[in-house]
>>> print(open('final_26.cif').read())   # mmCIF, C-alpha atoms, pLDDT in the B column; chains and numbers go by the auth columns
data_final
#
loop_
_atom_site.group_PDB
_atom_site.id
_atom_site.type_symbol
_atom_site.label_atom_id
_atom_site.label_comp_id
_atom_site.label_asym_id
_atom_site.label_seq_id
_atom_site.Cartn_x
_atom_site.Cartn_y
_atom_site.Cartn_z
_atom_site.B_iso_or_equiv
_atom_site.auth_seq_id
_atom_site.auth_asym_id
ATOM 1 C CA MET A 1 -3.126 -3.477 -11.193 41.00 234 T
ATOM 2 C CA GLY A 2 0.696 -3.431 -10.697 50.00 235 T
ATOM 3 C CA SER A 3 2.433 -5.379 -7.994 67.00 236 T
ATOM 4 C CA SER A 4 3.580 -3.472 -4.938 84.00 237 T
ATOM 5 C CA SER A 5 7.244 -2.895 -4.224 88.00 238 T
ATOM 6 C CA SER A 6 9.287 -2.127 -1.139 93.00 239 T
ATOM 7 C CA LYS A 7 12.671 -0.617 -0.402 94.00 240 T
ATOM 8 C CA TRP A 8 15.100 -2.519 1.820 96.00 241 T
ATOM 9 C CA VAL A 9 18.344 -1.296 3.353 96.00 242 T
ATOM 10 C CA MET A 10 21.381 -3.340 4.470 96.00 243 T
ATOM 11 C CA LEU A 11 24.030 -1.365 6.387 96.00 244 T
ATOM 12 C CA ALA A 12 27.313 -2.863 7.574 95.00 245 T
ATOM 13 C CA ALA A 13 30.358 -1.421 9.315 94.00 246 T
ATOM 14 C CA GLY A 14 33.120 -3.967 9.006 89.00 247 T
ATOM 15 C CA SER A 15 35.482 -2.634 11.655 91.00 248 T
ATOM 16 C CA ASN A 16 35.625 -2.065 15.386 93.00 249 T
ATOM 17 C CA SER A 17 37.601 0.038 17.880 93.00 250 T
ATOM 18 C CA TRP A 18 37.863 3.779 18.455 96.00 251 T
ATOM 19 C CA ASP A 19 40.552 4.134 15.777 94.00 252 T
ATOM 20 C CA ASN A 20 38.006 3.045 13.148 93.00 253 T
ATOM 21 C CA TYR A 21 35.313 5.412 14.466 96.00 254 T
ATOM 22 C CA ARG A 22 34.342 6.693 11.014 95.00 255 T
ATOM 23 C CA HIS A 23 32.944 3.388 9.724 95.00 256 T
ATOM 24 C CA GLN A 24 30.299 2.961 12.414 97.00 257 T
ATOM 25 C CA ALA A 25 29.600 6.701 12.357 97.00 258 T
ATOM 26 C CA ASP A 26 28.882 6.555 8.630 96.00 259 T
ATOM 27 C CA VAL A 27 26.611 3.530 9.044 97.00 260 T
ATOM 28 C CA CYS A 28 24.661 5.337 11.783 98.00 261 T
ATOM 29 C CA HIS A 29 24.328 8.364 9.508 97.00 262 T
ATOM 30 C CA ALA A 30 23.129 6.169 6.637 96.00 263 T
ATOM 31 C CA TYR A 31 20.491 4.701 8.963 97.00 264 T
ATOM 32 C CA GLN A 32 19.242 8.176 9.887 97.00 265 T
ATOM 33 C CA ILE A 33 18.920 9.135 6.212 96.00 266 T
ATOM 34 C CA ALA A 34 16.944 5.974 5.399 96.00 267 T
ATOM 35 C CA HIS A 35 14.757 6.367 8.487 97.00 268 T
ATOM 36 C CA GLN A 36 14.047 10.045 7.805 96.00 269 T
ATOM 37 C CA ASN A 37 12.989 9.154 4.264 95.00 270 T
ATOM 38 C CA GLY A 38 10.336 6.741 5.387 96.00 271 T
ATOM 39 C CA ILE A 39 12.055 3.350 5.381 96.00 272 T
ATOM 40 C CA PRO A 40 10.701 1.525 8.469 97.00 273 T
ATOM 41 C CA ASP A 41 13.093 -0.233 10.844 98.00 274 T
ATOM 42 C CA SER A 42 11.498 -3.525 9.854 97.00 275 T
ATOM 43 C CA ARG A 43 13.108 -3.114 6.430 97.00 276 T
ATOM 44 C CA ILE A 44 16.502 -1.848 7.620 98.00 277 T
ATOM 45 C CA VAL A 45 19.185 -4.296 8.767 98.00 278 T
ATOM 46 C CA VAL A 46 22.165 -2.815 10.626 98.00 279 T
ATOM 47 C CA MET A 47 25.459 -4.561 11.347 97.00 280 T
ATOM 48 C CA MET A 48 27.955 -2.682 13.538 97.00 281 T
ATOM 49 C CA TYR A 49 30.232 -3.739 16.367 96.00 282 T
ATOM 50 C CA ASP A 50 28.724 -1.021 18.603 97.00 283 T
ATOM 51 C CA ASP A 51 31.809 -0.250 20.654 97.00 284 T
ATOM 52 C CA ILE A 52 32.271 3.481 20.112 97.00 285 T
ATOM 53 C CA ALA A 53 29.168 5.253 21.498 98.00 286 T
ATOM 54 C CA TYR A 54 30.148 4.340 25.061 98.00 287 T
ATOM 55 C CA ASN A 55 33.848 3.833 24.442 98.00 288 T
ATOM 56 C CA LYS A 56 36.044 5.162 27.275 97.00 289 T
ATOM 57 C CA LYS A 57 37.740 7.456 24.747 97.00 290 T
ATOM 58 C CA ASN A 58 34.451 9.068 23.716 97.00 291 T
ATOM 59 C CA PRO A 59 34.270 12.545 25.310 96.00 292 T
ATOM 60 C CA TYR A 60 30.490 12.550 24.737 95.00 293 T
ATOM 61 C CA PRO A 61 29.185 9.151 25.922 97.00 294 T
ATOM 62 C CA GLY A 62 26.209 7.919 23.945 97.00 295 T
ATOM 63 C CA ASN A 63 26.979 10.233 21.040 98.00 296 T
ATOM 64 C CA ILE A 64 28.303 9.404 17.577 98.00 297 T
ATOM 65 C CA ILE A 65 28.833 12.108 14.971 97.00 298 T
ATOM 66 C CA ASN A 66 29.934 11.628 11.372 94.00 299 T
ATOM 67 C CA LYS A 67 31.187 15.149 10.627 92.00 300 T
ATOM 68 C CA PRO A 68 32.716 18.018 12.624 92.00 301 T
ATOM 69 C CA ASN A 69 30.096 19.717 14.796 92.00 302 T
ATOM 70 C CA GLY A 70 27.507 17.312 13.424 94.00 303 T
ATOM 71 C CA SER A 71 24.457 16.035 15.230 96.00 304 T
ATOM 72 C CA ASN A 72 24.279 12.786 17.186 98.00 305 T
ATOM 73 C CA VAL A 73 23.483 10.011 14.672 98.00 306 T
ATOM 74 C CA TYR A 74 23.391 7.169 17.234 98.00 307 T
ATOM 75 C CA PRO A 75 19.829 7.469 18.677 98.00 308 T
ATOM 76 C CA GLY A 76 17.383 4.925 17.322 98.00 309 T
ATOM 77 C CA VAL A 77 19.911 2.876 15.371 98.00 310 T
ATOM 78 C CA PRO A 78 18.760 -0.774 15.481 97.00 311 T
ATOM 79 C CA LYS A 79 21.190 -3.211 17.108 95.00 312 T
ATOM 80 C CA ASP A 80 20.426 -6.058 14.698 97.00 313 T
ATOM 81 C CA TYR A 81 23.970 -7.477 14.577 97.00 314 T
ATOM 82 C CA THR A 82 26.619 -6.326 17.051 96.00 315 T
ATOM 83 C CA GLY A 83 29.906 -7.591 18.468 94.00 316 T
ATOM 84 C CA GLU A 84 30.821 -11.101 17.366 90.00 317 T
ATOM 85 C CA ASP A 85 27.674 -11.316 15.219 93.00 318 T
ATOM 86 C CA VAL A 86 29.196 -8.869 12.707 94.00 319 T
ATOM 87 C CA THR A 87 30.647 -11.424 10.276 92.00 320 T
ATOM 88 C CA ALA A 88 30.837 -12.033 6.555 91.00 321 T
ATOM 89 C CA GLY A 89 28.736 -15.165 6.922 92.00 322 T
ATOM 90 C CA ASN A 90 25.939 -13.379 8.747 93.00 323 T
ATOM 91 C CA PHE A 91 26.088 -10.503 6.256 94.00 324 T
ATOM 92 C CA LEU A 92 25.548 -12.798 3.271 95.00 325 T
ATOM 93 C CA ALA A 93 22.848 -14.828 5.032 95.00 326 T
ATOM 94 C CA ALA A 94 20.944 -11.711 6.124 97.00 327 T
ATOM 95 C CA LEU A 95 21.242 -10.166 2.660 96.00 328 T
ATOM 96 C CA LYS A 96 19.639 -13.155 0.954 96.00 329 T
ATOM 97 C CA GLY A 97 17.063 -13.635 3.713 97.00 330 T
ATOM 98 C CA ASP A 98 18.322 -16.995 4.987 96.00 331 T
ATOM 99 C CA THR A 99 17.443 -17.035 8.689 95.00 332 T
ATOM 100 C CA ASN A 100 18.684 -20.616 9.071 94.00 333 T
ATOM 101 C CA ALA A 101 22.194 -19.685 7.927 93.00 334 T
ATOM 102 C CA VAL A 102 22.555 -16.751 10.323 93.00 335 T
ATOM 103 C CA LYS A 103 24.619 -17.597 13.404 89.00 336 T
ATOM 104 C CA LYS A 104 22.367 -15.670 15.752 90.00 337 T
ATOM 105 C CA ARG A 105 19.108 -16.277 17.563 88.00 338 T
ATOM 106 C CA LYS A 106 16.015 -14.633 16.062 90.00 339 T
ATOM 107 C CA PRO A 107 17.904 -12.781 13.323 95.00 340 T
ATOM 108 C CA LYS A 108 16.530 -9.919 11.264 97.00 341 T
ATOM 109 C CA VAL A 109 17.066 -10.490 7.544 98.00 342 T
ATOM 110 C CA ILE A 110 16.135 -8.927 4.216 97.00 343 T
ATOM 111 C CA LYS A 111 12.771 -10.419 3.201 96.00 344 T
ATOM 112 C CA SER A 112 12.616 -8.897 -0.254 95.00 345 T
ATOM 113 C CA GLY A 113 10.694 -9.957 -3.334 94.00 346 T
ATOM 114 C CA ILE A 114 10.871 -9.672 -7.112 93.00 347 T
ATOM 115 C CA ASN A 115 9.613 -6.058 -7.240 93.00 348 T
ATOM 116 C CA ASP A 116 11.750 -4.749 -4.395 94.00 349 T
ATOM 117 C CA THR A 117 14.827 -2.561 -4.309 93.00 350 T
ATOM 118 C CA ILE A 118 17.743 -3.310 -1.977 93.00 351 T
ATOM 119 C CA PHE A 119 20.254 -0.637 -0.994 93.00 352 T
ATOM 120 C CA VAL A 120 23.476 -2.030 0.482 92.00 353 T
ATOM 121 C CA TYR A 121 26.033 0.173 2.215 93.00 354 T
ATOM 122 C CA LEU A 122 29.397 -1.175 3.394 91.00 355 T
ATOM 123 C CA ALA A 123 31.845 0.962 5.367 91.00 356 T
ATOM 124 C CA ASP A 124 35.276 -0.380 6.215 86.00 357 T
ATOM 125 C CA HIS A 125 38.761 -1.233 5.008 78.00 358 T
ATOM 126 C CA GLY A 126 38.891 -3.398 1.936 68.00 359 T
ATOM 127 C CA GLY A 127 41.006 -4.334 -1.010 72.00 360 T
ATOM 128 C CA ALA A 128 40.850 -5.899 -4.436 74.00 361 T
ATOM 129 C CA GLY A 129 38.055 -8.445 -4.293 80.00 362 T
ATOM 130 C CA ARG A 130 37.539 -8.397 -0.549 81.00 363 T
ATOM 131 C CA PHE A 131 35.940 -6.504 2.327 85.00 364 T
ATOM 132 C CA SER A 132 37.148 -6.863 5.917 84.00 365 T
ATOM 133 C CA PHE A 133 35.024 -7.532 8.991 86.00 366 T
ATOM 134 C CA PRO A 134 36.095 -7.021 12.651 83.00 367 T
ATOM 135 C CA ASN A 135 39.283 -8.625 13.996 57.00 368 T
ATOM 136 C CA SER A 136 40.489 -9.595 10.522 48.00 369 T
ATOM 137 C CA ILE A 137 44.151 -8.871 11.289 45.00 370 T
ATOM 138 C CA VAL A 138 44.174 -11.174 14.310 44.00 371 T
ATOM 139 C CA SER A 139 42.231 -13.793 12.409 42.00 372 T
ATOM 140 C CA PHE A 140 44.813 -14.147 9.645 45.00 373 T
ATOM 141 C CA VAL A 141 46.522 -16.718 11.891 46.00 374 T
ATOM 142 C CA THR A 142 43.327 -18.592 12.693 47.00 375 T
ATOM 143 C CA SER A 143 40.860 -20.756 10.812 45.00 376 T
ATOM 144 C CA ARG A 144 38.161 -18.074 10.965 49.00 377 T
ATOM 145 C CA LEU A 145 39.141 -16.228 7.795 50.00 378 T
ATOM 146 C CA LYS A 146 36.054 -17.352 5.883 51.00 379 T
ATOM 147 C CA ASN A 147 33.787 -15.613 8.385 58.00 380 T
ATOM 148 C CA ILE A 148 36.004 -12.523 8.680 74.00 381 T
ATOM 149 C CA LEU A 149 36.656 -11.553 5.052 82.00 382 T
ATOM 150 C CA LEU A 150 33.922 -11.024 2.495 87.00 383 T
ATOM 151 C CA HIS A 151 35.339 -12.228 -0.813 84.00 384 T
ATOM 152 C CA ALA A 152 34.159 -11.180 -4.265 83.00 385 T
ATOM 153 C CA HIS A 153 33.273 -14.736 -5.280 86.00 386 T
ATOM 154 C CA ASP A 154 31.013 -15.272 -2.261 89.00 387 T
ATOM 155 C CA LEU A 155 29.176 -11.996 -2.780 88.00 388 T
ATOM 156 C CA ILE A 156 28.716 -12.638 -6.496 88.00 389 T
ATOM 157 C CA GLU A 157 27.343 -16.119 -5.836 91.00 390 T
ATOM 158 C CA THR A 158 24.945 -14.679 -3.251 92.00 391 T
ATOM 159 C CA ILE A 159 23.673 -12.038 -5.694 90.00 392 T
ATOM 160 C CA LYS A 160 23.261 -14.666 -8.411 90.00 393 T
ATOM 161 C CA GLU A 161 21.301 -16.857 -5.994 93.00 394 T
ATOM 162 C CA MET A 162 19.114 -13.900 -5.048 93.00 395 T
ATOM 163 C CA ALA A 163 18.465 -13.172 -8.731 91.00 396 T
ATOM 164 C CA ARG A 164 17.440 -16.787 -9.341 93.00 397 T
ATOM 165 C CA ASN A 165 15.112 -16.640 -6.353 94.00 398 T
ATOM 166 C CA CYS A 166 13.556 -13.326 -7.487 93.00 399 T
ATOM 167 C CA LYS A 167 14.760 -11.416 -4.442 93.00 400 T
ATOM 168 C CA PHE A 168 15.026 -7.989 -6.083 91.00 401 T
ATOM 169 C CA SER A 169 14.209 -5.831 -9.064 88.00 402 T
ATOM 170 C CA LYS A 170 17.505 -4.044 -8.548 72.00 403 T
ATOM 171 C CA THR A 171 20.213 -3.577 -5.956 66.00 404 T
ATOM 172 C CA MET A 172 22.205 -0.419 -5.494 62.00 405 T
ATOM 173 C CA ASN A 173 25.679 -0.063 -4.076 60.00 406 T
ATOM 174 C CA GLU A 174 28.587 1.769 -5.614 47.00 407 T
ATOM 175 C CA HIS A 175 31.223 0.057 -3.450 50.00 408 T
ATOM 176 C CA LEU A 176 29.996 -3.425 -4.294 53.00 409 T
ATOM 177 C CA ILE A 177 29.930 -2.654 -7.997 48.00 410 T
ATOM 178 C CA SER A 178 33.400 -1.116 -8.113 48.00 411 T
ATOM 179 C CA MET A 179 34.908 -4.097 -6.285 50.00 412 T
ATOM 180 C CA PHE A 180 33.038 -6.997 -7.811 50.00 413 T
ATOM 181 C CA VAL A 181 31.197 -6.160 -11.033 48.00 414 T
ATOM 182 C CA LYS A 182 34.015 -7.363 -13.319 50.00 415 T
ATOM 183 C CA ASN A 183 33.161 -10.982 -12.500 50.00 416 T
ATOM 184 C CA THR A 184 29.378 -10.609 -12.441 46.00 417 T
ATOM 185 C CA PRO A 185 27.185 -11.781 -15.368 50.00 418 T
ATOM 186 C CA GLN A 186 25.831 -8.914 -17.507 51.00 419 T
ATOM 187 C CA ARG A 187 22.175 -9.736 -16.824 49.00 420 T
ATOM 188 C CA ILE A 188 22.819 -9.317 -13.109 44.00 421 T
ATOM 189 C CA GLN A 189 24.959 -6.208 -13.671 46.00 422 T
ATOM 190 C CA ASP A 190 21.907 -4.673 -15.330 48.00 423 T
ATOM 191 C CA LYS A 191 19.939 -5.186 -12.097 49.00 424 T
ATOM 192 C CA THR A 192 22.796 -4.191 -9.801 44.00 425 T
ATOM 193 C CA ARG A 193 23.449 -0.535 -10.436 45.00 426 T
ATOM 194 C CA ALA A 194 24.853 2.371 -8.439 38.00 427 T
ATOM 195 C CA GLU A 195 21.968 4.813 -8.082 39.00 428 T
ATOM 196 C CA GLU A 196 20.271 6.957 -5.480 37.00 429 T
ATOM 197 C CA LEU A 197 17.799 5.119 -3.260 37.00 430 T
ATOM 198 C CA ILE A 198 15.717 8.051 -2.141 35.00 431 T
#
>>> encode(input="final_26.cif", output="structure tokens")
Amino acid sequence: MGSSSSKWVMLAAGSNSWDNYRHQADVCHAYQIAHQNGIPDSRIVVMMYDDIAYNKKNPYPGNIINKPNGSNVYPGVPKDYTGEDVTAGNFLAALKGDTNAVKKRKPKVIKSGINDTIFVYLADHGGAGRFSFPNSIVSFVTSRLKNILLHAHDLIETIKEMARNCKFSKTMNEHLISMFVKNTPQRIQDKTRAEELI
């Protein structure tokens, strides 16, 4: 009899403010797709600053849409990590299932196993070898850069650690691959492919 497998979803919007509306809107939409396709909330981790649904500039309070004339994608979205909890450090800790490393009380993390699939979706500004989290521009003049920017090296090391600890059969994320795959060992590249989850 074969071992059972589960699908896990990690969604992160790395920006805040009304001007960056699209990132949180896209994460909310991604949640709705996963939820509608049978992924339970217990296996979906959402990181978003959560400052646009009731933003004073929002003409429709409590509503977030991700396309013109689209439906409200905000209802039901879990508030697993919001505000100051949306950091690179918490993202990596939650991804590898390390509750002790998360800087948050009673955190939700990915509790995957060797037969499981993990879909990771990141929406934000980024650049070569890095992905920004909220307040990164202000934080360039502080000592908080490590927790604000997600660097290629840190993500690669996390994925390698997860592979050693049998945390997945494969992960899927086109953005992660395009940014970081050049420096990732081939055996892990083979398990970290851009595919469709559902």
>>> resolve_selection(input="final_26.cif", expression="the PyMOL selection byres ((chain T and resi 262) around 12)", output="number ranges by chain")
T: 244-246, 255-261, 263-269, 279, 296-300, 303-310, 354, 356
>>> residues_around(input="final_26.cif", residues="Asn288 in chain T", least_positions_apart="3", cutoff="12 Å", atoms="all atoms listed in the file", output="number ranges by chain")
T: 249-252, 254, 282-285, 291-297
>>> resolve_selection(input="final_26.cif", expression="the PyMOL selection byres ((chain T and resi 344) around 12)", output="MDAnalysis selection string")
chainID T and resid 238:243 275:278 326:332 340:343 345:351 395 398:401
>>> write_last_selection(input="final_26.cif", atoms="C-alpha atoms", output="short mmCIF file (atom, residue, chain, number, x, y, z; two decimals), in the frame of the given file")
data_model
loop_
_atom_site.label_atom_id
_atom_site.label_comp_id
_atom_site.auth_asym_id
_atom_site.auth_seq_id
_atom_site.Cartn_x
_atom_site.Cartn_y
_atom_site.Cartn_z
CA SER T 238 7.24 -2.90 -4.22
CA SER T 239 9.29 -2.13 -1.14
CA LYS T 240 12.67 -0.62 -0.40
CA TRP T 241 15.10 -2.52 1.82
CA VAL T 242 18.34 -1.30 3.35
CA MET T 243 21.38 -3.34 4.47
CA SER T 275 11.50 -3.52 9.85
CA ARG T 276 13.11 -3.11 6.43
CA ILE T 277 16.50 -1.85 7.62
CA VAL T 278 19.18 -4.30 8.77
CA ALA T 326 22.85 -14.83 5.03
CA ALA T 327 20.94 -11.71 6.12
CA LEU T 328 21.24 -10.17 2.66
CA LYS T 329 19.64 -13.16 0.95
CA GLY T 330 17.06 -13.64 3.71
CA ASP T 331 18.32 -17.00 4.99
CA THR T 332 17.44 -17.04 8.69
CA PRO T 340 17.90 -12.78 13.32
CA LYS T 341 16.53 -9.92 11.26
CA VAL T 342 17.07 -10.49 7.54
CA ILE T 343 16.14 -8.93 4.22
CA SER T 345 12.62 -8.90 -0.25
CA GLY T 346 10.69 -9.96 -3.33
CA ILE T 347 10.87 -9.67 -7.11
CA ASN T 348 9.61 -6.06 -7.24
CA ASP T 349 11.75 -4.75 -4.39
CA THR T 350 14.83 -2.56 -4.31
CA ILE T 351 17.74 -3.31 -1.98
CA MET T 395 19.11 -13.90 -5.05
CA ASN T 398 15.11 -16.64 -6.35
CA CYS T 399 13.56 -13.33 -7.49
CA LYS T 400 14.76 -11.42 -4.44
CA PHE T 401 15.03 -7.99 -6.08
#
>>> axis_aligned_box(input="final_26.cif", around="range 358-366 of chain T", padding_each_side="6 Å", output="AutoDock Vina command-line options")
--center_x 38.0 --center_y -4.8 --center_z 2.3 --size_x 18.0 --size_y 19.2 --size_z 25.4
>>> atom_distance(input="final_26.cif", atom1="CA of Leu325 in chain T", atom2="CA of Ser237 in chain T")
25.2 Å
>>> closest_residue(input="final_26.cif", among="T:Lys290, T:Gly316, T:Leu383, T:Asn270", to="Asp357 in chain T", atoms="all atoms listed in the file")
T:Leu383
>>> residues_around(input="final_26.cif", residues="Ser365 in chain T", least_positions_apart="5", cutoff="8 Å", atoms="only C-alpha atoms", output="number ranges by chain")
T: 247-248, 357-359, 381-383
>>> write_last_selection(input="final_26.cif", atoms="C-alpha atoms", output="tab-separated table (two decimals), in the coordinates of the input")
chain	number	residue	atom	x	y	z
T	247	GLY	CA	33.12	-3.97	9.01
T	248	SER	CA	35.48	-2.63	11.66
T	357	ASP	CA	35.28	-0.38	6.22
T	358	HIS	CA	38.76	-1.23	5.01
T	359	GLY	CA	38.89	-3.40	1.94
T	381	ILE	CA	36.00	-12.52	8.68
T	382	LEU	CA	36.66	-11.55	5.05
T	383	LEU	CA	33.92	-11.02	2.50
>>> residues_near_point(input="final_26.cif", point="(31.2, -9.9, -2.9)", cutoff="8 Å", atoms="all atoms listed in the file", output="list of chain:residue names")
T:Gly362, T:Arg363, T:Phe364, T:Leu383, T:His384, T:Ala385, T:His386, T:Asp387, T:Leu388, T:Ile389, T:Glu390, T:Thr391, T:Leu409, T:Met412, T:Phe413
>>> write_last_selection(input="final_26.cif", atoms="C-alpha atoms", output="compact mmCIF listing (two decimals), in the frame of the given file")
# COMPACT_ATOMS: atom_id res chain seq x y z
CA GLY T 362 38.06 -8.44 -4.29
CA ARG T 363 37.54 -8.40 -0.55
CA PHE T 364 35.94 -6.50 2.33
CA LEU T 383 33.92 -11.02 2.50
CA HIS T 384 35.34 -12.23 -0.81
CA ALA T 385 34.16 -11.18 -4.26
CA HIS T 386 33.27 -14.74 -5.28
CA ASP T 387 31.01 -15.27 -2.26
CA LEU T 388 29.18 -12.00 -2.78
CA ILE T 389 28.72 -12.64 -6.50
CA GLU T 390 27.34 -16.12 -5.84
CA THR T 391 24.94 -14.68 -3.25
CA LEU T 409 30.00 -3.42 -4.29
CA MET T 412 34.91 -4.10 -6.28
CA PHE T 413 33.04 -7.00 -7.81
>>> atom_distance(input="final_26.cif", atom1="CA of Lys339 in chain T", atom2="CA of Gly322 in chain T")
15.7 Å
>>> atom_distance(input="final_26.cif", atom1="CA of Ile392 in chain T", atom2="CA of Ala361 in chain T")
18.3 Å
>>> closest_residue(input="final_26.cif", among="T:Asp313, T:Asp274, T:Asp318, T:Glu394", to="Phe366 in chain T", atoms="all atoms listed in the file")
T:Asp318
>>> closest_residue(input="final_26.cif", among="T:Asn253, T:Tyr287, T:Lys337, T:Ile272", to="Phe324 in chain T", atoms="only C-alpha atoms")
T:Lys337
